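*Asks:* Structure in structure tokens, see below.
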Amino acid sequence: MTDSAIRAGGWGGRRVRLRHRLAAWIVTRGRPATGLVSQPEPRTIGAYARGKQLCAGNFLFAGHLVEAKGREIWDIDLPSDAFAEALQGFAWLDDLAAVADTAARARAQSWTAGWITRFGRGRGPGWTPELTGRRLIRWINHAPFLMSGQGAAANAAFFRSLGQQTNFLARRWKTAPAGLPRFEALTGLIYAGLSLTGMERHVEPARQALGREAAARIDAGGGLASRNPEDLLEVFTLLTWSALAMRESGREAVPAHLDAIARIAPTLRALRHADGGLARFHGGGRGPEGRLDQALAESGVKTPPPAGLAMGYLRLAAGRTTVILDAAPPPRGPDSADAHASTLAFEMTSGRRPVVVNCGPGAPFGPDWHRAGRATPSHSTLGIEGFSSARLGPDGLLQRRGRRLLDDAPNDVRLDLQTGEDGSRVIAGHDGYVPTHGMTHVRELLLDPAGRVLSGEDTLGALTTADRKRFDVLMDRTGLSGIAFDLRFHLHPDVDAALDMGGTAVSLALKSGEIWVFRHDGAAALRLEPSVHLERGRLKPRASRQIVLSARVMDYACQLGWTFAKAQDTPAAIRDLERDDTTHF
């Protein structure tokens with residue numbers, strides 16, 4: 001069965017699910033595990049606030065909040081498939097373990113036992129390789145927490161289910177979609193094989209398979225084909241966890257596995273903002289709090305970020321400021337199910353405070369938000385009115401959870417990076433609007449050596465004779481009214497923005513006390529508009545604002561210049577002690 005068939009709905013997807021259920025039923029007749037041989041050091045990080053909300057009966061998963069005080073987690077009505085998957089994956093055990101009091105332990109034990117009773121014989125949506133791998137990692141990590149004070153019968157049922165799930169993974173891991181799902185499945189199999197009595201035979205095949213997957217899916221530059229930074233972090237975390245678990249048991253990961261870790265680490269450093277979060281591109285968020293720093297520290301890889309592109313992104317850094325630019329074509333084919341039309345979009349962070357952002361991944365809030373978040377206007381870049389730099393393909397079989405793939409996207413993305421006394425300068429361009437308008441977008445960014453000024457210039461130009469003919473046709477169709485376009489800079493919700501200097505500038509106040517000022521060259525109309533910030537773990541999109549410059553192309557080229565600059569009285573060093581909101585409700 002191909003990856004595309006596994007991702008698809010229809011008969012192919014149903015046949016895979018039926019085979020999963022059959023395999024899950026068969027393994028119930030196998031020999032169960034009877035105990036722990038060893039236990040890998042728990043490395044999953046939970047959130048105390050989320051754990052307390054779970055204890056109170058507030059279940060927030062996949063953008064849905066279900067209030068069900070006093071009810072079992074498996075009795076609540078499921079608002080979406082993604083919500084069901086979040087329950088079945090058991091990542092919420094990390095949050096209950098972070099609370100670790102009597103009430104949290106009682107819920108963790110009751111809900112785990114409830115899963116065994118209700119789903120343990122192959123029923124329910126949790127019998128996929130990736131969810132089974134995710135679940136096994138949590139059950140093994142938190143085994144003492146789950147077994148504390150339990151009787152012999154409950155513990156026997158727990159180990160019996162662990163053994164069944166391990167044998168299921170051994171049979172079905174190959175059917176997991178390539179990429180993050182398969183890494184989850186294999187890591188779970190390795191954890192179980194190392195930890196459970198009678199399951200040691202699964203370790204070596206899984207060890208070799210994980211090395212092959214790492215070699216096949218992690219490219220020479222340490223990136224994934226999906227170009228999703230958060231997915232790369234998750235894969236890196238799984239590879240690091242499994243390597244450390246094998247080392248603690250007296251084994252070593254295969255060289256291809258360790259080489260992949262060594263390649264990914266500097267790439268993740270290049271995708272890391274000054275606040276410790278990841279750049280938010282192509283369906284990825286900033287990552288769980290502290291996960292990136294923990295994973296990098298545990299890997300032991302100290303290689304610095306590359307000077308040029310890393311997974312298609314370019315990082316500029318000076319002083320307290322980081323800028324990360326999407327400077328490569330978007331993913332294509334099956335890897336584009338979550339890809340965005342974000343070419344030449346950037347994000348900027350000052351110290352611990354994000355300033356310019358992209359709207360982010362909309363998938364947790366439903367299909368409409370998912371589609372809106374993929375469009376060019378949801379990114380901090382230039383967009384021609386009514387168009388994105390990449391377009392979605394027609395409905396078809398090659399889609400994942402009904403998500404359409406990118407079809408018409410920039411092919412030629414060029415980049416020139418220069419470093420001199422005036423700072424780091426990048427000039428990049430893409431041809432995403434050539435087929436529709438004959439226009440090439442060129443963006444120039446200059447970050448000064450102190451990190452206090454980011455200067456930019458965006459150009460739309462018809463570069464070739466054919467492009468100019470295309471542009472002339474469009475001008476005739478519009479009655480010489482020109483091609484309307486917008487230059488957008490989405491602001492983080494914590495940025496307090498206000499028009500300044502008679503409406504010719506925007507002042508930006510950060511929670512750290514820093515003041516930034518946005519100015520432009522006057523060639524466009526400036527306004528502040530509402531925007532949204534799409535963030536996993538939130539109940540709904542957060543309201544924010546965006547700076548918009550609007551103009552029309554009337555000739556073969558149009559340029560807009562702009563700057564973000566710290567106010568002169570803003571000190572170079574600031575003690576930023578303002579606490580962030582971590583409740584996510």
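In the structure tokens, the first chain shown is A, the next is B, and so on; residue numbers restart at 1 for each chain, and ligands run from 1 in the order shown.
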Which residues are near Arg414 of chain A? Cut-off 12 Å, only C-alpha atoms, ignore same chain within fewer than 3 positions. Put them as an MDAnalysis selection string.
*Replies:* chainID A and resid 309 312 326:329 343:344 410:411 417 426:432 440:444
*Asks:* Could you take the residues named above and write them with N, CA and C atoms, as a compact mmCIF listing (two decimals), in the first residue's frame?
*Replies:*
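part25.txt written:
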# COMPACT_ATOMS: atom_id res chain seq x y z
N LEU A 309 21.15 28.89 3.46
CA LEU A 309 19.82 28.33 3.63
C LEU A 309 19.83 27.08 4.52
N GLY A 312 15.53 25.58 3.31
CA GLY A 312 14.89 26.60 2.50
C GLY A 312 14.63 27.90 3.21
N ASP A 326 11.38 32.78 4.41
CA ASP A 326 11.11 31.62 3.57
C ASP A 326 11.65 31.92 2.19
N ALA A 327 12.75 31.27 1.83
CA ALA A 327 13.49 31.63 0.61
C ALA A 327 13.65 30.46 -0.34
N ALA A 328 12.65 29.59 -0.41
CA ALA A 328 12.70 28.43 -1.31
C ALA A 328 11.29 28.13 -1.80
N PRO A 329 11.17 27.36 -2.88
CA PRO A 329 9.84 26.97 -3.34
C PRO A 329 9.11 26.16 -2.27
N THR A 343 6.11 32.05 0.14
CA THR A 343 7.43 32.36 -0.40
C THR A 343 7.77 33.84 -0.18
N LEU A 344 8.94 34.08 0.38
CA LEU A 344 9.51 35.39 0.74
C LEU A 344 8.82 36.05 1.93
N PRO A 410 5.62 28.71 -7.05
CA PRO A 410 6.88 29.22 -7.59
C PRO A 410 7.86 28.08 -7.87
N ASN A 411 8.48 28.16 -9.03
CA ASN A 411 9.51 27.18 -9.40
C ASN A 411 10.91 27.76 -9.25
N LEU A 417 22.94 36.48 -0.69
CA LEU A 417 23.21 36.93 0.68
C LEU A 417 24.56 37.62 0.73
N VAL A 426 20.02 40.54 2.21
CA VAL A 426 19.57 39.45 1.37
C VAL A 426 18.66 40.00 0.28
N ILE A 427 18.87 39.53 -0.94
CA ILE A 427 18.00 39.86 -2.07
C ILE A 427 17.47 38.54 -2.61
N ALA A 428 16.14 38.41 -2.63
CA ALA A 428 15.52 37.16 -3.07
C ALA A 428 14.34 37.48 -3.98
N GLY A 429 14.03 36.54 -4.86
CA GLY A 429 12.91 36.74 -5.77
C GLY A 429 12.24 35.43 -6.12
N HIS A 430 10.97 35.50 -6.53
CA HIS A 430 10.25 34.30 -6.95
C HIS A 430 9.33 34.62 -8.12
N ASP A 431 8.99 33.58 -8.87
CA ASP A 431 8.20 33.74 -10.10
C ASP A 431 6.76 33.26 -9.93
N GLY A 432 6.24 33.27 -8.71
CA GLY A 432 4.90 32.75 -8.46
C GLY A 432 3.79 33.50 -9.17
N THR A 440 7.36 39.32 -11.36
CA THR A 440 8.29 38.68 -10.43
C THR A 440 8.36 39.52 -9.17
N HIS A 441 8.27 38.86 -8.01
CA HIS A 441 8.41 39.55 -6.73
C HIS A 441 9.85 39.45 -6.26
N VAL A 442 10.47 40.59 -5.99
CA VAL A 442 11.83 40.66 -5.47
C VAL A 442 11.78 41.36 -4.12
N ARG A 443 12.37 40.74 -3.11
CA ARG A 443 12.41 41.33 -1.76
C ARG A 443 13.85 41.50 -1.32
N GLU A 444 14.18 42.69 -0.83
CA GLU A 444 15.51 42.97 -0.28
C GLU A 444 15.36 43.32 1.19
*Asks:* Residues at most 9 Å from Leu268 of chain A, counting only C-alpha atoms, excluding those fewer than 5 positions away in the same chain, as a ChimeraX atom specification?
*Replies:* /A:222-223,229,232-233,236,278,292,296,305,310
*Asks:* For the selection just defined, write its residues with N, CA, C and O atoms to a file, as a CSV table (one decimal), in the first residue's frame.
*Replies:*
chain,number,residue,atom,x,y,z
A,222,GLY,N,19.7,18.3,6.4
A,222,GLY,CA,19.0,18.2,7.7
A,222,GLY,C,17.6,18.6,7.7
A,222,GLY,O,17.1,19.0,8.7
A,223,GLY,N,16.9,18.6,6.5
A,223,GLY,CA,15.5,19.0,6.5
A,223,GLY,C,14.6,17.9,6.0
A,223,GLY,O,15.0,16.8,5.6
A,229,PRO,N,8.9,23.3,10.1
A,229,PRO,CA,9.8,23.3,11.1
A,229,PRO,C,9.4,22.5,12.4
A,229,PRO,O,10.2,21.8,13.0
A,232,LEU,N,9.9,18.9,11.9
A,232,LEU,CA,11.3,18.5,12.0
A,232,LEU,C,11.7,18.4,13.4
A,232,LEU,O,12.5,17.5,13.8
A,233,LEU,N,11.2,19.3,14.3
A,233,LEU,CA,11.5,19.2,15.7
A,233,LEU,C,11.0,17.9,16.3
A,233,LEU,O,11.7,17.3,17.1
A,236,PHE,N,13.2,15.1,15.1
A,236,PHE,CA,14.5,15.2,15.9
A,236,PHE,C,14.3,14.7,17.3
A,236,PHE,O,15.2,14.0,17.8
A,278,LEU,N,10.2,28.2,17.3
A,278,LEU,CA,10.5,28.0,15.9
A,278,LEU,C,9.7,29.0,15.0
A,278,LEU,O,8.7,29.5,15.4
A,292,LEU,N,12.4,22.6,22.1
A,292,LEU,CA,13.5,22.8,21.2
A,292,LEU,C,14.8,22.8,21.9
A,292,LEU,O,15.8,22.1,21.6
A,296,LEU,N,17.8,19.9,21.7
A,296,LEU,CA,19.2,20.3,21.2
A,296,LEU,C,20.2,19.9,22.3
A,296,LEU,O,21.3,19.4,22.0
A,305,PRO,N,24.4,26.9,13.4
A,305,PRO,CA,23.5,27.0,12.2
A,305,PRO,C,24.3,27.3,11.0
A,305,PRO,O,25.3,28.0,11.1
A,310,ALA,N,18.8,26.9,5.3
A,310,ALA,CA,18.6,25.7,6.1
A,310,ALA,C,17.1,25.3,5.9
A,310,ALA,O,16.2,26.0,6.3
*Asks:* Name the residues of segment 138-322 of chain A that fall into strand (DSSP E or B) according to DSSP on the backbone, using the chain letters and numbers of this document, as a list in words.
*Replies:*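 The strand (DSSP E or B) residues within segment 138-322 of chain A come out as Leu196, Arg272, Leu278, Ala310, Tyr313, Leu314, Arg315, Leu316, Ala317, Ala318, Thr321 and Thr322 of chain A.
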*Asks:* Take the residues that were just selected and, keeping N, CA and C atoms, output them as a compact mmCIF listing (two decimals), in the first residue's frame.
*Replies:*
# COMPACT_ATOMS: atom_id res chain seq x y z
N LEU A 196 10.01 -3.86 27.81
CA LEU A 196 9.05 -4.88 28.21
C LEU A 196 9.64 -6.29 28.11
N ARG A 272 15.39 28.73 14.71
CA ARG A 272 15.06 29.15 16.07
C ARG A 272 15.13 30.67 16.18
N LEU A 278 10.19 28.24 17.30
CA LEU A 278 10.46 27.99 15.90
C LEU A 278 9.75 29.01 15.01
N ALA A 310 18.78 26.92 5.30
CA ALA A 310 18.55 25.73 6.10
C ALA A 310 17.12 25.31 5.88
N TYR A 313 15.08 28.04 4.45
CA TYR A 313 14.90 29.28 5.22
C TYR A 313 16.24 29.96 5.44
N LEU A 314 16.20 31.28 5.53
CA LEU A 314 17.41 32.06 5.79
C LEU A 314 17.22 32.82 7.10
N ARG A 315 18.19 32.71 7.98
CA ARG A 315 18.14 33.38 9.29
C ARG A 315 19.14 34.53 9.32
N LEU A 316 18.64 35.71 9.66
CA LEU A 316 19.48 36.87 9.93
C LEU A 316 19.40 37.16 11.42
N ALA A 317 20.53 37.42 12.05
CA ALA A 317 20.54 37.68 13.49
C ALA A 317 21.57 38.75 13.81
N ALA A 318 21.17 39.70 14.64
CA ALA A 318 22.07 40.74 15.11
C ALA A 318 21.48 41.33 16.38
N THR A 321 17.81 40.74 17.83
CA THR A 321 16.82 40.57 16.76
C THR A 321 17.15 39.39 15.87
N THR A 322 16.13 38.60 15.56
CA THR A 322 16.26 37.55 14.55
C THR A 322 15.18 37.76 13.48
*Asks:* What's the 10 Å shell around Ala104 of chain A, counting only C-alpha atoms, without same-chain residues fewer than 6 positions away, as a VMD selection string?
*Replies:* chain A and resid 51 to 52 54 to 56 93 95 to 98 110 145
*Asks:* Tell me, as JSON, numbers by chain, which residues lie within 10 Å of Ala274 of chain A, counting only C-alpha atoms; anything in the same chain fewer than 6 positions away does not count.
*Replies:* {"A": [317, 318, 319, 320, 321, 322, 323, 348, 349, 350, 351, 352, 353, 354]}
*Asks:* Just list as a VMD selection string whatever in segment 453-578 of chain A DSSP marks as alpha helix (DSSP H).
*Replies:* chain A and resid 465 to 477
*Asks:* Looking at only C-alpha atoms, which of A:Val434, A:Ile483, A:Val532, A:Ile547 is the one that sits closest to Trp369 of chain A?
*Replies:*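 Smallest distance to Trp369 of chain A is found for A:Val532.
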*Asks:* To one decimal in Å, tell me the separation between atom CA of Ala265 of chain A and atom CA of Gly287 of chain A.
*Replies:*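 According to the coordinates, atom CA of Ala265 of chain A and atom CA of Gly287 of chain A are separated by 15.0 Å.
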*Asks:* Between A:Leu194, A:Leu508, A:Leu186, A:Ala157, which is the closest to Leu528 of chain A once you count only C-alpha atoms?
*Replies:* A:Leu508
*Asks:* So, with only C-alpha atoms as the atoms that count, which of A:Ser38, A:Ser424, A:Val357, A:Ala339 lies closest to Ala225 of chain A?
*Replies:*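 Using only C-alpha atoms, Ala225 of chain A sits closest to A:Ala339.
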*Asks:* Quick one: everything within 12 Å of Pro144 of chain A, counting only C-alpha atoms, minus sequence neighbours fewer than 6 positions away in the same chain. Send it as a PDB file with C-alpha atoms, in the first residue's frame.
*Replies:*
ATOM      1  CA  GLY A  35       6.775  -6.570  33.367  1.00  0.00           C
ATOM      2  CA  LEU A  36       9.402  -3.940  32.752  1.00  0.00           C
ATOM      3  CA  SER A  38      14.042  -1.354  32.110  1.00  0.00           C
ATOM      4  CA  GLN A  39      12.465   2.027  31.672  1.00  0.00           C
ATOM      5  CA  PRO A  40      13.915   4.801  29.516  1.00  0.00           C
ATOM      6  CA  GLU A  41      14.360   8.102  31.310  1.00  0.00           C
ATOM      7  CA  PRO A  42      11.064  10.021  30.833  1.00  0.00           C
ATOM      8  CA  ALA A  97       2.033  13.673  35.284  1.00  0.00           C
ATOM      9  CA  ALA A 100       1.224  14.417  39.842  1.00  0.00           C
ATOM     10  CA  ARG A 105      -3.009  10.040  39.236  1.00  0.00           C
ATOM     11  CA  ALA A 108      -4.646   8.871  34.618  1.00  0.00           C
ATOM     12  CA  GLN A 109      -5.146   5.352  35.982  1.00  0.00           C
ATOM     13  CA  ARG A 138       3.606   7.737  27.127  1.00  0.00           C
ATOM     14  CA  GLN A 150      -2.834  -0.561  41.591  1.00  0.00           C
ATOM     15  CA  ASN A 155      -1.194  -4.190  36.416  1.00  0.00           C
ATOM     16  CA  PHE A 158      -1.785  -2.945  31.710  1.00  0.00           C
TER      17      PHE A 158
END
*Asks:* Grab the atom CA of Ala62 of chain A to atom CA of Arg538 of chain A distance for me, in Å with one decimal place.
*Replies:*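 These two atoms are separated by 8.5 Å.
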*Asks:* Find the distance between atom CA of Asp77 of chain A and atom CA of Trp115 of chain A and write it in Å to one decimal.
*Replies:*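 So the two atoms, atom CA of Asp77 of chain A and atom CA of Trp115 of chain A, lie 15.4 Å apart.
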*Asks:* Which one of A:Gly63, A:Gly46, A:Pro530, A:Gly423 sits closest to Asn141 of chain A if you count only C-alpha atoms?
*Replies:*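 Using only C-alpha atoms, Asn141 of chain A sits closest to A:Gly46.
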*Asks:* What lies within 7 Å of segment 127-130 of chain A using only C-alpha atoms, ignoring chain neighbours under 5 positions off, as a ChimeraX atom specification?
*Replies:* /A:20-21,122,169,172-173,176,181-182,184-185
